[in-house]
Every structure is written in structure tokens, then in C-alpha cells.
file protein28.cif (mmCIF, C-alpha atoms)
data_entry
loop_
_atom_site.label_atom_id
_atom_site.label_comp_id
_atom_site.auth_asym_id
_atom_site.auth_seq_id
_atom_site.Cartn_x
_atom_site.Cartn_y
_atom_site.Cartn_z
CA MET Y 245 110.43 -17.30 -97.65
CA PHE Y 246 111.36 -13.85 -96.30
CA THR Y 247 112.49 -10.86 -98.38
CA TRP Y 248 114.57 -8.26 -96.54
CA TRP Y 249 113.61 -4.67 -97.40
CA ILE Y 250 116.58 -2.34 -97.59
CA ASP Y 251 116.00 1.40 -97.34
CA ILE Y 252 117.62 3.22 -100.28
CA ARG Y 253 118.69 6.87 -100.01
CA ILE Y 254 117.77 8.55 -103.29
CA ALA Y 255 118.42 12.19 -104.15
CA VAL Y 256 116.86 14.59 -106.58
CA ILE Y 257 119.71 16.85 -107.70
CA HIS Y 258 118.66 20.35 -108.74
CA GLU Y 259 120.00 23.87 -108.36
CA SER Y 260 116.97 25.76 -107.17
CA GLN Y 261 116.33 27.26 -103.75
CA LYS Y 262 112.64 26.58 -104.28
CA ILE Y 263 111.82 22.96 -105.03
CA THR Y 264 110.19 22.75 -108.46
CA GLU Y 265 106.95 20.86 -109.11
CA SER Y 266 108.71 18.06 -111.02
CA ALA Y 267 111.27 17.68 -108.21
CA LYS Y 268 108.44 17.51 -105.64
CA GLN Y 269 106.76 14.73 -107.60
CA LEU Y 270 110.01 12.77 -107.81
CA LEU Y 271 110.63 13.16 -104.06
CA LEU Y 272 107.07 12.03 -103.33
CA GLU Y 273 107.47 8.93 -105.50
CA ILE Y 274 110.71 8.04 -103.69
CA LYS Y 275 108.87 8.34 -100.37
CA ASN Y 276 105.87 6.35 -101.66
CA SER Y 277 108.21 3.57 -102.74
CA GLY Y 278 109.34 3.22 -99.11
CA HIS Y 279 112.75 4.83 -99.53
CA THR Y 280 114.43 8.00 -98.26
CA PRO Y 281 114.10 11.10 -100.48
CA ILE Y 282 116.77 13.81 -100.32
CA TYR Y 283 116.79 17.13 -102.16
CA ILE Y 284 120.28 18.30 -103.11
CA ARG Y 285 121.49 21.54 -104.61
CA ILE Y 286 124.50 20.66 -106.75
CA SER Y 287 126.38 23.85 -105.72
CA LYS Y 288 126.42 22.66 -102.09
CA LEU Y 289 127.53 19.09 -102.81
CA ASN Y 290 131.29 18.59 -102.59
CA PRO Y 291 133.43 15.56 -103.49
CA ILE Y 292 136.39 14.88 -101.19
CA ILE Y 293 139.30 12.61 -102.09
CA THR Y 294 140.66 10.99 -98.90
CA LYS Y 295 143.23 8.32 -98.12
CA ASP Y 296 140.34 5.86 -97.86
CA GLY Y 297 138.64 6.84 -101.12
CA LEU Y 298 135.84 9.26 -101.97
CA GLU Y 299 133.54 11.06 -99.57
CA PHE Y 300 130.85 13.67 -100.11
CA SER Y 301 129.82 16.59 -97.95
CA TYR Y 302 126.60 18.55 -98.16
CA GLY Y 303 126.12 21.66 -96.08
CA GLY Y 304 129.15 20.71 -94.00
CA LYS Y 305 127.92 17.18 -93.23
CA ARG Y 306 128.88 13.84 -94.76
CA ILE Y 307 126.24 12.38 -97.04
CA ASP Y 308 125.82 8.89 -98.48
CA LEU Y 309 123.55 7.99 -101.38
CA GLU Y 310 122.61 4.93 -103.38
CA GLY Y 311 120.98 6.72 -106.30
CA ALA Y 312 119.98 10.09 -107.70
CA VAL Y 313 117.96 11.73 -110.45
CA ILE Y 314 119.88 14.65 -112.00
CA ARG Y 315 117.40 17.38 -112.89
CA ASN Y 316 119.33 20.61 -113.29
CA LEU Y 317 122.87 21.97 -112.91
CA GLY Y 318 121.69 25.55 -112.48
CA PHE Y 319 122.83 28.72 -114.22
CA ILE Y 320 126.46 28.25 -115.25
CA SER Y 321 128.53 31.44 -115.25
CA SER Y 322 131.97 30.00 -116.03
CA THR Y 323 133.70 26.96 -117.48
CA GLU Y 324 135.28 26.33 -114.07
CA GLN Y 325 131.87 26.22 -112.39
CA LEU Y 326 130.59 23.80 -115.02
CA MET Y 327 133.63 21.56 -114.50
CA LYS Y 328 133.17 21.53 -110.71
CA ARG Y 329 129.55 20.47 -110.98
CA PHE Y 330 130.27 17.93 -113.69
CA ASP Y 331 133.26 16.55 -111.71
CA THR Y 332 131.01 16.20 -108.66
CA LEU Y 333 128.52 14.10 -110.61
CA LYS Y 334 131.31 11.98 -112.12
CA ALA Y 335 132.73 11.43 -108.63
CA LEU Y 336 129.30 10.25 -107.43
CA GLU Y 337 129.13 7.85 -110.36
CA SER Y 338 132.69 6.60 -109.67
CA SER Y 339 131.79 5.92 -106.03
CA GLY Y 340 128.98 3.57 -107.07
CA VAL Y 341 125.97 5.90 -106.90
CA THR Y 342 123.45 5.08 -109.64
CA LEU Y 343 122.61 8.26 -111.55
CA ILE Y 344 119.96 8.93 -114.15
CA ASN Y 345 120.61 10.36 -116.53
CA SER Y 346 124.36 9.68 -116.48
CA PRO Y 347 126.57 12.81 -116.32
CA ASP Y 348 128.17 12.04 -119.71
CA SER Y 349 124.78 11.64 -121.41
CA MET Y 350 123.42 14.76 -119.70
CA PHE Y 351 126.44 16.73 -120.91
CA ILE Y 352 125.95 15.57 -124.50
CA ALA Y 353 122.20 16.22 -124.50
CA ARG Y 354 122.71 19.70 -123.08
CA ASP Y 355 125.01 20.58 -125.99
CA LYS Y 356 122.50 21.07 -128.80
CA PHE Y 357 124.94 20.73 -131.69
CA ASN Y 358 126.84 17.71 -130.36
CA SER Y 359 123.60 15.90 -129.56
CA LEU Y 360 122.23 16.54 -133.08
CA LEU Y 361 125.52 15.31 -134.53
CA LYS Y 362 125.22 12.04 -132.61
CA LEU Y 363 121.61 11.67 -133.72
CA LYS Y 364 122.59 12.24 -137.36
CA MET Y 365 125.34 9.62 -137.06
CA ALA Y 366 122.73 7.20 -135.70
CA LYS Y 367 120.59 7.89 -138.81
CA VAL Y 368 117.99 9.88 -136.89
CA PRO Y 369 116.58 12.63 -139.16
CA VAL Y 370 117.38 16.16 -137.93
CA PRO Y 371 117.10 19.65 -139.51
CA ASP Y 372 120.07 21.27 -141.28
CA THR Y 373 122.06 22.87 -138.47
CA THR Y 374 125.39 24.61 -137.93
CA ILE Y 375 127.37 26.42 -135.27
CA VAL Y 376 129.54 29.37 -136.33
CA GLU Y 377 131.54 32.36 -135.08
CA ASP Y 378 131.14 34.60 -138.11
CA PRO Y 379 128.11 36.89 -138.63
CA PHE Y 380 128.71 36.94 -142.39
CA GLU Y 381 128.33 33.15 -142.43
CA VAL Y 382 124.97 33.57 -140.69
CA MET Y 383 123.90 36.02 -143.41
CA ARG Y 384 124.95 33.53 -146.09
CA LEU Y 385 122.94 30.76 -144.44
CA VAL Y 386 119.81 32.91 -144.26
CA ASN Y 387 120.18 33.66 -147.97
CA GLU Y 388 120.52 29.93 -148.66
CA TRP Y 389 117.99 28.48 -146.17
CA LYS Y 390 115.55 31.47 -146.34
CA ASP Y 391 114.11 30.88 -142.86
CA VAL Y 392 116.23 29.98 -139.82
CA VAL Y 393 116.09 29.74 -136.05
CA ILE Y 394 119.02 31.09 -134.03
CA LYS Y 395 119.20 29.43 -130.61
CA PRO Y 396 121.43 29.39 -127.54
CA VAL Y 397 123.84 26.43 -127.74
CA ILE Y 398 122.79 25.58 -124.18
CA GLY Y 399 119.26 26.49 -123.18
CA SER Y 400 115.69 25.31 -122.68
CA LEU Y 401 112.00 26.27 -122.73
CA GLY Y 402 112.46 28.08 -126.04
CA LEU Y 403 114.02 31.05 -124.26
CA GLY Y 404 116.40 33.11 -126.37
CA SER Y 405 115.42 31.46 -129.67
CA VAL Y 406 114.85 33.84 -132.58
CA ARG Y 407 113.32 33.08 -135.97
CA VAL Y 408 114.88 35.13 -138.77
CA SER Y 409 114.36 35.37 -142.52
CA ASP Y 410 116.09 38.73 -143.16
CA PRO Y 411 119.89 38.40 -143.66
CA ASP Y 412 120.56 41.87 -142.19
CA ILE Y 413 118.59 41.12 -139.03
CA ALA Y 414 120.37 37.77 -138.79
CA PHE Y 415 123.70 39.62 -139.01
CA ARG Y 416 122.75 41.93 -136.13
CA VAL Y 417 121.51 39.02 -133.96
CA ALA Y 418 124.72 37.10 -134.64
CA LYS Y 419 126.87 40.14 -133.82
CA ALA Y 420 125.06 40.56 -130.48
CA ILE Y 421 125.63 36.89 -129.57
CA LEU Y 422 129.27 36.97 -130.64
CA SER Y 423 129.88 40.16 -128.62
CA VAL Y 424 129.49 38.13 -125.40
CA ASN Y 425 131.83 35.40 -126.71
CA GLN Y 426 129.07 32.94 -127.54
CA PRO Y 427 128.97 30.94 -130.80
CA VAL Y 428 125.92 31.21 -133.03
CA TYR Y 429 123.73 28.10 -133.38
CA VAL Y 430 121.70 28.25 -136.59
CA GLN Y 431 119.03 25.77 -137.66
CA LYS Y 432 116.98 25.71 -140.85
CA TYR Y 433 113.36 26.31 -139.88
CA VAL Y 434 111.02 23.38 -140.45
CA ASP Y 435 107.61 24.65 -141.60
CA LYS Y 436 105.53 22.68 -139.09
CA PRO Y 437 101.70 22.79 -138.87
CA GLU Y 438 101.34 25.06 -135.78
CA ARG Y 439 102.45 22.21 -133.54
CA ASP Y 440 105.22 19.83 -132.66
CA ILE Y 441 105.33 16.47 -130.90
CA ARG Y 442 106.76 15.59 -127.50
CA VAL Y 443 107.37 11.88 -126.88
CA PHE Y 444 108.25 10.79 -123.35
CA VAL Y 445 110.52 7.77 -122.95
CA VAL Y 446 111.62 5.93 -119.79
CA GLY Y 447 114.03 3.03 -120.28
CA ASN Y 448 112.94 1.14 -123.39
CA SER Y 449 109.30 2.17 -123.05
CA ILE Y 450 107.23 4.96 -124.57
CA LEU Y 451 105.15 6.49 -121.76
CA GLY Y 452 103.10 8.52 -124.19
CA SER Y 453 103.16 11.44 -126.57
CA VAL Y 454 101.38 14.74 -127.06
CA TYR Y 455 100.94 17.44 -129.63
CA ARG Y 456 102.10 20.85 -128.40
CA ILE Y 457 99.91 23.33 -130.24
CA ASN Y 458 100.42 27.07 -130.59
CA LYS Y 459 98.38 29.01 -133.17
CA SER Y 460 99.79 32.41 -132.24
CA SER Y 461 103.56 31.71 -132.21
CA TRP Y 462 106.06 29.51 -134.02
CA LYS Y 463 107.37 28.41 -130.59
CA THR Y 464 105.56 25.31 -129.37
CA ASN Y 465 107.09 24.95 -125.90
CA VAL Y 466 104.47 24.61 -123.13
CA ALA Y 467 106.42 27.31 -121.23
CA GLN Y 468 105.69 29.62 -124.17
CA GLY Y 469 101.93 29.10 -123.91
CA SER Y 470 101.31 26.01 -126.04
CA LEU Y 471 98.39 23.69 -125.35
CA THR Y 472 98.82 19.92 -125.24
CA GLN Y 473 96.69 17.22 -126.80
CA VAL Y 474 97.08 13.45 -126.53
CA LEU Y 475 98.64 11.78 -129.55
CA LEU Y 476 98.68 8.01 -130.06
CA PRO Y 477 102.17 7.53 -131.51
CA ASN Y 478 102.51 5.44 -134.65
CA HIS Y 479 105.26 2.88 -135.10
CA GLU Y 480 107.55 5.37 -136.88
CA LEU Y 481 107.33 7.89 -134.03
CA GLU Y 482 108.00 5.20 -131.42
CA GLU Y 483 110.96 3.79 -133.34
CA LEU Y 484 112.41 7.27 -133.92
CA SER Y 485 112.11 8.22 -130.23
CA LEU Y 486 113.67 5.01 -128.90
CA LYS Y 487 116.47 5.33 -131.46
CA ALA Y 488 117.20 8.90 -130.32
CA VAL Y 489 117.31 7.91 -126.63
CA LYS Y 490 119.61 4.97 -127.43
CA ALA Y 491 121.93 7.18 -129.53
CA LEU Y 492 122.46 9.55 -126.58
CA LYS Y 493 122.53 6.70 -123.99
CA LEU Y 494 119.78 8.25 -121.88
CA ASP Y 495 117.64 6.50 -119.26
CA TYR Y 496 114.71 8.85 -119.79
CA ALA Y 497 114.04 11.82 -122.04
CA GLY Y 498 111.55 14.06 -123.76
CA ILE Y 499 112.02 13.95 -127.53
CA ASP Y 500 110.85 16.98 -129.52
CA ILE Y 501 109.81 16.10 -133.07
CA VAL Y 502 108.42 18.20 -135.91
CA GLU Y 503 106.43 17.19 -138.97
CA ASP Y 504 107.73 18.59 -142.23
CA LYS Y 505 105.45 19.61 -145.11
CA ASP Y 506 106.04 16.27 -146.83
CA GLY Y 507 104.84 14.40 -143.72
CA SER Y 508 108.30 13.27 -142.65
CA TYR Y 509 109.57 13.64 -139.07
CA LYS Y 510 112.66 15.45 -137.80
CA VAL Y 511 114.03 15.41 -134.26
CA ILE Y 512 114.64 18.99 -133.11
CA GLU Y 513 115.99 18.23 -129.65
CA VAL Y 514 116.30 15.54 -126.98
CA ASN Y 515 115.77 16.87 -123.46
CA ALA Y 516 117.57 14.88 -120.77
CA ALA Y 517 115.70 16.57 -117.91
CA PRO Y 518 112.28 17.28 -119.42
CA LEU Y 519 109.45 19.04 -117.63
CA TRP Y 520 106.13 17.24 -117.86
CA LYS Y 521 103.34 19.57 -116.70
CA GLY Y 522 101.70 19.76 -120.14
CA PHE Y 523 102.31 16.07 -120.81
CA TYR Y 524 100.66 15.11 -117.50
CA GLU Y 525 97.68 17.41 -118.01
CA ALA Y 526 96.97 15.83 -121.40
CA THR Y 527 97.73 12.17 -120.68
CA HIS Y 528 97.23 11.91 -116.87
CA ILE Y 529 100.45 9.88 -116.86
CA ASN Y 530 102.94 10.95 -114.17
CA PRO Y 531 106.48 10.31 -115.47
CA ALA Y 532 107.92 10.70 -111.94
CA LYS Y 533 106.47 7.31 -110.92
CA TYR Y 534 108.08 5.51 -113.86
CA ILE Y 535 111.42 7.34 -113.52
CA ILE Y 536 111.76 6.34 -109.85
CA GLU Y 537 110.66 2.75 -110.52
CA TYR Y 538 113.28 2.51 -113.26
CA LEU Y 539 116.00 4.01 -111.04
CA ILE Y 540 115.26 1.61 -108.17
CA LYS Y 541 115.51 -1.35 -110.55
CA LYS Y 542 118.91 -0.08 -111.74
CA ILE Y 543 120.12 0.34 -108.14
CA ARG Y 544 119.12 -3.22 -107.25
CA LYS Y 545 120.82 -4.83 -110.26
#
call {"tool": "encode", "arguments": {"input": "protein28.cif", "output": "C-alpha cells"}}
result
Amino acid sequence: MFTWWIDIRIAVIHESQKITESAKQLLLEIKNSGHTPIYIRISKLNPIITKDGLEFSYGGKRIDLEGAVIRNLGFISSTEQLMKRFDTLKALESSGVTLINSPDSMFIARDKFNSLLKLKMAKVPVPDTTIVEDPFEVMRLVNEWKDVVIKPVIGSLGLGSVRVSDPDIAFRVAKAILSVNQPVYVQKYVDKPERDIRVFVVGNSILGSVYRINKSSWKTNVAQGSLTQVLLPNHELEELSLKAVKALKLDYAGIDIVEDKDGSYKVIEVNAAPLWKGFYEATHINPAKYIIEYLIKKIRK
């Protein structure tokens, strides 16, 4: 019995002139699987509606794909730019290209408040959180919650996050954010034990989990200097992580979880395009291999 091998053209979609380490690993796994890897900057990919249907051009040339991993949409400077890039991904999806994660799920996960709302509705425990456009409301919340974190609504790596316990300082931070027409995202601080937990999920499987430890800062992102240590997840952590991924309809994700003083867990964020340098260094598990294997299976279905 003969099995015909069909070459699949798979892209890694990012918006970086320099290919990142995670993108390199994904491209290498595509090549190692016997398929054609393509690196695409989303700003240079254009959907074209024609009399025959949909076409796509990249750098002035027509391009055809069977699948793609969406990693990053780049720095967004306007609503119109966001819509163009999102519309491009939706057009790819409409034309039959298998995307992970899906554009709709990526969009939800990128919006911190909306993603937490969906998690809460799915009975996933999350910290008390709000989004406001009034600095006096931020002051009131600091008086009520005592210790809060003010974050960008859209952001990553812990950049731009500020921990505040003084209502007057909170007022000034909120005024600065509102002055550039951005809403203020406020979350009650969870008093975690100098660490948080990152669980990595692909499909319906837990690849592994790590503690991210930082004894000198409340921020536990690896990009902020945290160290990673292997953690064997218990049943509750596994169930919580798979529930979060299902709630946001993601194919793969990094779930950030904190332990409260009473030992309970709360999901802080679900990252739909997680980095994995610290995870790999601790576990020696390369998520790129599993992400590409999962994508190829979806393409062949």
C-alpha cells in the first residue's frame, strides 16, 4: 500500500523584520516535518477580492498557503491598521487556510478584559478586575482593594504594568493613561509567594508547567528577569488550564496562574502567542514541535 506525501506550505506570521527565536524554531519544525516553511510579515500580506474569489499577494507576488501559525500582529498605531490586519487573517481563514490560533480567538485573548470576562463566565477563577475611564473611580478602587495593578488593556511581557497602593499615585497614573485616550485596566493584586505559574497547553494536552520566580520584583515575567523551575502540575492546575483554553477556543496557549494566600488558584491571563524560552530551559520541552504537529493534523482533517 502506497501513501502519497503532499508538500504543505505553512507560514509563521509575525511582524518583525528580524525573525524571533520562537519563529525560527517553528520554521525549523515545519522544515523538519518535510513541508515548506514561509515567514510572513502581516503588514506586507494583502487580501484581494477578485471575480474568481480571494487571492493573496506578498511583496507584490501571489502567495498560496495551506496553514499558518499566527505569532504577532505587530505594534498597532490605529484602529484602521488593526482592522486591516485582522481582516487579512479572516480572509485567509475564509479561503480555507488553517490558522492557529484562529483570528477571533487571538483577538479575544489579546483583549485582557474581554478574555477575563469569558473566563469568569466559564467559571474559571480570576482576580477582581475592571476597566474604567475615570481617574476618581481608580482612586475609589485603590481605597477599596488596597493594592492594585494597573495594566495596558493590550500588552505583554509585563511592560507598562504598575502596582499601586496609594490612591493619589493611582489617580496620577490613571490621568496619564487617559490623556492619550486609553482606558484604565485595574486589577486587584493577588498576594502571591514571589512566583506565579505558567502552564503550556497544545490542543487538549498539557505540555508542562513551570514556576516563574522573582524574589526582587512583584513581576514574574521571564522577560522581567524571573527564573523558571519545573512544576509537576496537579489535577486542579491541569483542569483549570484546559478549561481556560477551551473557554477562549484556543489551539495552544500559555496560561498564567497565581496562588492566593489561601492556596487557591486564579488565572491572571491567557497568552495566545506565548514565548517559551524560560519554559524550554526548565523543562527541555520544545513547544514548537508540538504546535506544528498539531497544525499539520488540523490541515489534513
call {"tool": "closest_residue", "arguments": {"input": "protein28.cif", "among": "Y:Leu492, Y:Ser321, Y:Ile284, Y:Leu539", "to": "Ile252 (chain Y)", "atoms": "only C-alpha atoms"}}
result
Y:Leu539
call {"tool": "resolve_selection", "arguments": {"input": "protein28.cif", "expression": "the PyMOL selection byres ((chain Y and resi 309-318) around 10)", "output": "PyMOL selection string"}}
result
chain Y and resi 251-260+266-267+270-271+280-287+300+307-308+319-321+325-326+329-330+333+336-337+339-347+350+516-519+535-536+539-540+542-544
call {"tool": "closest_residue", "arguments": {"input": "protein28.cif", "among": "Y:Asp378, Y:Glu265, Y:Asp410, Y:Asp506", "to": "Asp391 (chain Y)", "atoms": "all atoms listed in the file"}}
result
Y:Asp410
call {"tool": "closest_atom_pairs", "arguments": {"input": "protein28.cif", "of": "region 364-443 of chain Y", "to": "region 455-459 of chain Y", "cutoff": "10 Å", "atoms": "all atoms listed in the file", "output": "Markdown table"}}
result
| residue | atom | partner | partner_atom | distance |
| --- | --- | --- | --- | --- |
| Y:Pro437 | CA | Y:Ile457 | CA | 8.8 |
| Y:Glu438 | CA | Y:Lys459 | CA | 5.6 |
| Y:Arg439 | CA | Y:Ile457 | CA | 4.3 |
| Y:Asp440 | CA | Y:Arg456 | CA | 5.4 |
| Y:Ile441 | CA | Y:Tyr455 | CA | 4.7 |
| Y:Arg442 | CA | Y:Tyr455 | CA | 6.5 |
| Y:Val443 | CA | Y:Tyr455 | CA | 8.9 |
call {"tool": "closest_residue", "arguments": {"input": "protein28.cif", "among": "Y:Lys275, Y:Arg306, Y:Lys362, Y:Lys463", "to": "Arg407 (chain Y)", "atoms": "only C-alpha atoms"}}
result
Y:Lys463
call {"tool": "resolve_selection", "arguments": {"input": "protein28.cif", "expression": "the PyMOL selection byres ((chain Y and resi 473) around 10)", "output": "list in words"}}
result
Ile441, Ser453, Val454, Tyr455, Arg456, Ile457, Ser470, Leu471, Thr472, Val474, Leu475, Leu476, Gly522, Phe523, Glu525, Ala526 and Thr527 of chain Y
call {"tool": "resolve_selection", "arguments": {"input": "protein28.cif", "expression": "the PyMOL selection byres ((chain Y and resi 446) around 12)", "output": "NGL selection string"}}
result
:Y and (344-345 or 443-445 or 447-452 or 485-486 or 489-490 or 493-499 or 516-518 or 530-539)
call {"tool": "atom_distance", "arguments": {"input": "protein28.cif", "atom1": "CA of Ile292 (chain Y)", "atom2": "CA of Phe351 (chain Y)"}}
result
22.2 Å
call {"tool": "closest_residue", "arguments": {"input": "protein28.cif", "among": "Y:Ile263, Y:Val434, Y:Ile512, Y:Ile501", "to": "Trp389 (chain Y)", "atoms": "only C-alpha atoms"}}
result
Y:Val434
call {"tool": "atom_distance", "arguments": {"input": "protein28.cif", "atom1": "CA of Lys390 (chain Y)", "atom2": "CA of Asn425 (chain Y)"}}
result
25.8 Å
call {"tool": "atom_distance", "arguments": {"input": "protein28.cif", "atom1": "CA of Pro291 (chain Y)", "atom2": "CA of Ala335 (chain Y)"}}
result
6.6 Å
call {"tool": "axis_aligned_box", "arguments": {"input": "protein28.cif", "around": "region 506-524 of chain Y", "padding_each_side": "4 Å", "output": "lines of an AutoDock Vina configuration file"}}
result
center_x = 109.1
center_y = 16.5
center_z = -131.8
size_x = 24.9
size_y = 14.5
size_z = 38.1
call {"tool": "closest_residue", "arguments": {"input": "protein28.cif", "among": "Y:Lys432, Y:Lys541, Y:His479, Y:Lys334", "to": "Pro371 (chain Y)", "atoms": "only C-alpha atoms"}}
result
Y:Lys432
call {"tool": "closest_residue", "arguments": {"input": "protein28.cif", "among": "Y:Val376, Y:Val393, Y:Ile274, Y:Asp435", "to": "Lys419 (chain Y)", "atoms": "only C-alpha atoms"}}
result
Y:Val376
call {"tool": "residues_around", "arguments": {"input": "protein28.cif", "residues": "Leu361 (chain Y)", "least_positions_apart": "3", "cutoff": "12 Å", "atoms": "all atoms listed in the file", "output": "list in words"}}
result
Ile352, Ala353, Asp355, Lys356, Phe357, Asn358, Lys364, Met365, Ala366, Lys367, Val368, Pro369, Val370, Pro371, Asp372, Thr373, Thr374, Ile375, Ala488, Ala491, Leu492, Val511, Ile512, Glu513 and Val514 of chain Y
call {"tool": "build_atoms", "arguments": {"input": "protein28.cif", "residues": "region 470-487 of chain Y", "atoms": "N, CA, C and O atoms", "output": "PDB file, in the frame of the given file"}}
result
ATOM      1  N   SER Y 470     101.940  27.026-125.201  1.00  0.00           N
ATOM      2  CA  SER Y 470     101.310  26.010-126.040  1.00  0.00           C
ATOM      3  C   SER Y 470     100.343  25.144-125.237  1.00  0.00           C
ATOM      4  O   SER Y 470     100.532  24.915-124.043  1.00  0.00           O
ATOM      5  N   LEU Y 471      99.322  24.640-125.922  1.00  0.00           N
ATOM      6  CA  LEU Y 471      98.390  23.690-125.350  1.00  0.00           C
ATOM      7  C   LEU Y 471      98.808  22.277-125.748  1.00  0.00           C
ATOM      8  O   LEU Y 471      99.443  22.077-126.791  1.00  0.00           O
ATOM      9  N   THR Y 472      98.459  21.293-124.927  1.00  0.00           N
ATOM     10  CA  THR Y 472      98.820  19.920-125.240  1.00  0.00           C
ATOM     11  C   THR Y 472      97.590  19.081-125.524  1.00  0.00           C
ATOM     12  O   THR Y 472      96.515  19.310-124.968  1.00  0.00           O
ATOM     13  N   GLN Y 473      97.773  18.117-126.414  1.00  0.00           N
ATOM     14  CA  GLN Y 473      96.690  17.220-126.800  1.00  0.00           C
ATOM     15  C   GLN Y 473      97.264  15.822-126.982  1.00  0.00           C
ATOM     16  O   GLN Y 473      98.326  15.655-127.591  1.00  0.00           O
ATOM     17  N   VAL Y 474      96.577  14.825-126.460  1.00  0.00           N
ATOM     18  CA  VAL Y 474      97.080  13.450-126.530  1.00  0.00           C
ATOM     19  C   VAL Y 474      97.249  13.019-127.981  1.00  0.00           C
ATOM     20  O   VAL Y 474      96.404  13.282-128.834  1.00  0.00           O
ATOM     21  N   LEU Y 475      98.361  12.350-128.235  1.00  0.00           N
ATOM     22  CA  LEU Y 475      98.640  11.780-129.550  1.00  0.00           C
ATOM     23  C   LEU Y 475      99.000  10.312-129.358  1.00  0.00           C
ATOM     24  O   LEU Y 475      99.873   9.982-128.540  1.00  0.00           O
ATOM     25  N   LEU Y 476      98.323   9.433-130.071  1.00  0.00           N
ATOM     26  CA  LEU Y 476      98.680   8.010-130.060  1.00  0.00           C
ATOM     27  C   LEU Y 476      99.809   7.825-131.057  1.00  0.00           C
ATOM     28  O   LEU Y 476      99.584   7.936-132.270  1.00  0.00           O
ATOM     29  N   PRO Y 477     101.032   7.577-130.582  1.00  0.00           N
ATOM     30  CA  PRO Y 477     102.170   7.530-131.510  1.00  0.00           C
ATOM     31  C   PRO Y 477     102.104   6.333-132.447  1.00  0.00           C
ATOM     32  O   PRO Y 477     101.749   5.232-132.020  1.00  0.00           O
ATOM     33  N   ASN Y 478     102.428   6.567-133.711  1.00  0.00           N
ATOM     34  CA  ASN Y 478     102.510   5.440-134.650  1.00  0.00           C
ATOM     35  C   ASN Y 478     103.858   4.743-134.497  1.00  0.00           C
ATOM     36  O   ASN Y 478     104.717   5.161-133.717  1.00  0.00           O
ATOM     37  N   HIS Y 479     104.039   3.683-135.231  1.00  0.00           N
ATOM     38  CA  HIS Y 479     105.260   2.880-135.100  1.00  0.00           C
ATOM     39  C   HIS Y 479     106.497   3.707-135.448  1.00  0.00           C
ATOM     40  O   HIS Y 479     107.544   3.582-134.785  1.00  0.00           O
ATOM     41  N   GLU Y 480     106.400   4.566-136.462  1.00  0.00           N
ATOM     42  CA  GLU Y 480     107.550   5.370-136.880  1.00  0.00           C
ATOM     43  C   GLU Y 480     107.986   6.326-135.774  1.00  0.00           C
ATOM     44  O   GLU Y 480     109.190   6.481-135.503  1.00  0.00           O
ATOM     45  N   LEU Y 481     107.024   6.974-135.115  1.00  0.00           N
ATOM     46  CA  LEU Y 481     107.330   7.890-134.030  1.00  0.00           C
ATOM     47  C   LEU Y 481     107.987   7.147-132.854  1.00  0.00           C
ATOM     48  O   LEU Y 481     108.947   7.636-132.262  1.00  0.00           O
ATOM     49  N   GLU Y 482     107.440   5.988-132.519  1.00  0.00           N
ATOM     50  CA  GLU Y 482     108.000   5.200-131.420  1.00  0.00           C
ATOM     51  C   GLU Y 482     109.428   4.779-131.729  1.00  0.00           C
ATOM     52  O   GLU Y 482     110.327   4.909-130.894  1.00  0.00           O
ATOM     53  N   GLU Y 483     109.636   4.260-132.935  1.00  0.00           N
ATOM     54  CA  GLU Y 483     110.960   3.790-133.340  1.00  0.00           C
ATOM     55  C   GLU Y 483     111.971   4.942-133.349  1.00  0.00           C
ATOM     56  O   GLU Y 483     113.105   4.807-132.873  1.00  0.00           O
ATOM     57  N   LEU Y 484     111.548   6.094-133.852  1.00  0.00           N
ATOM     58  CA  LEU Y 484     112.410   7.270-133.920  1.00  0.00           C
ATOM     59  C   LEU Y 484     112.809   7.735-132.517  1.00  0.00           C
ATOM     60  O   LEU Y 484     113.982   8.050-132.253  1.00  0.00           O
ATOM     61  N   SER Y 485     111.862   7.760-131.599  1.00  0.00           N
ATOM     62  CA  SER Y 485     112.110   8.220-130.230  1.00  0.00           C
ATOM     63  C   SER Y 485     113.048   7.287-129.487  1.00  0.00           C
ATOM     64  O   SER Y 485     113.992   7.731-128.817  1.00  0.00           O
ATOM     65  N   LEU Y 486     112.806   5.978-129.589  1.00  0.00           N
ATOM     66  CA  LEU Y 486     113.670   5.010-128.900  1.00  0.00           C
ATOM     67  C   LEU Y 486     115.080   5.022-129.498  1.00  0.00           C
ATOM     68  O   LEU Y 486     116.069   4.885-128.773  1.00  0.00           O
ATOM     69  N   LYS Y 487     115.169   5.239-130.792  1.00  0.00           N
ATOM     70  CA  LYS Y 487     116.470   5.330-131.460  1.00  0.00           C
ATOM     71  C   LYS Y 487     117.255   6.544-130.977  1.00  0.00           C
ATOM     72  O   LYS Y 487     118.472   6.476-130.754  1.00  0.00           O
TER      73      LYS Y 487
END
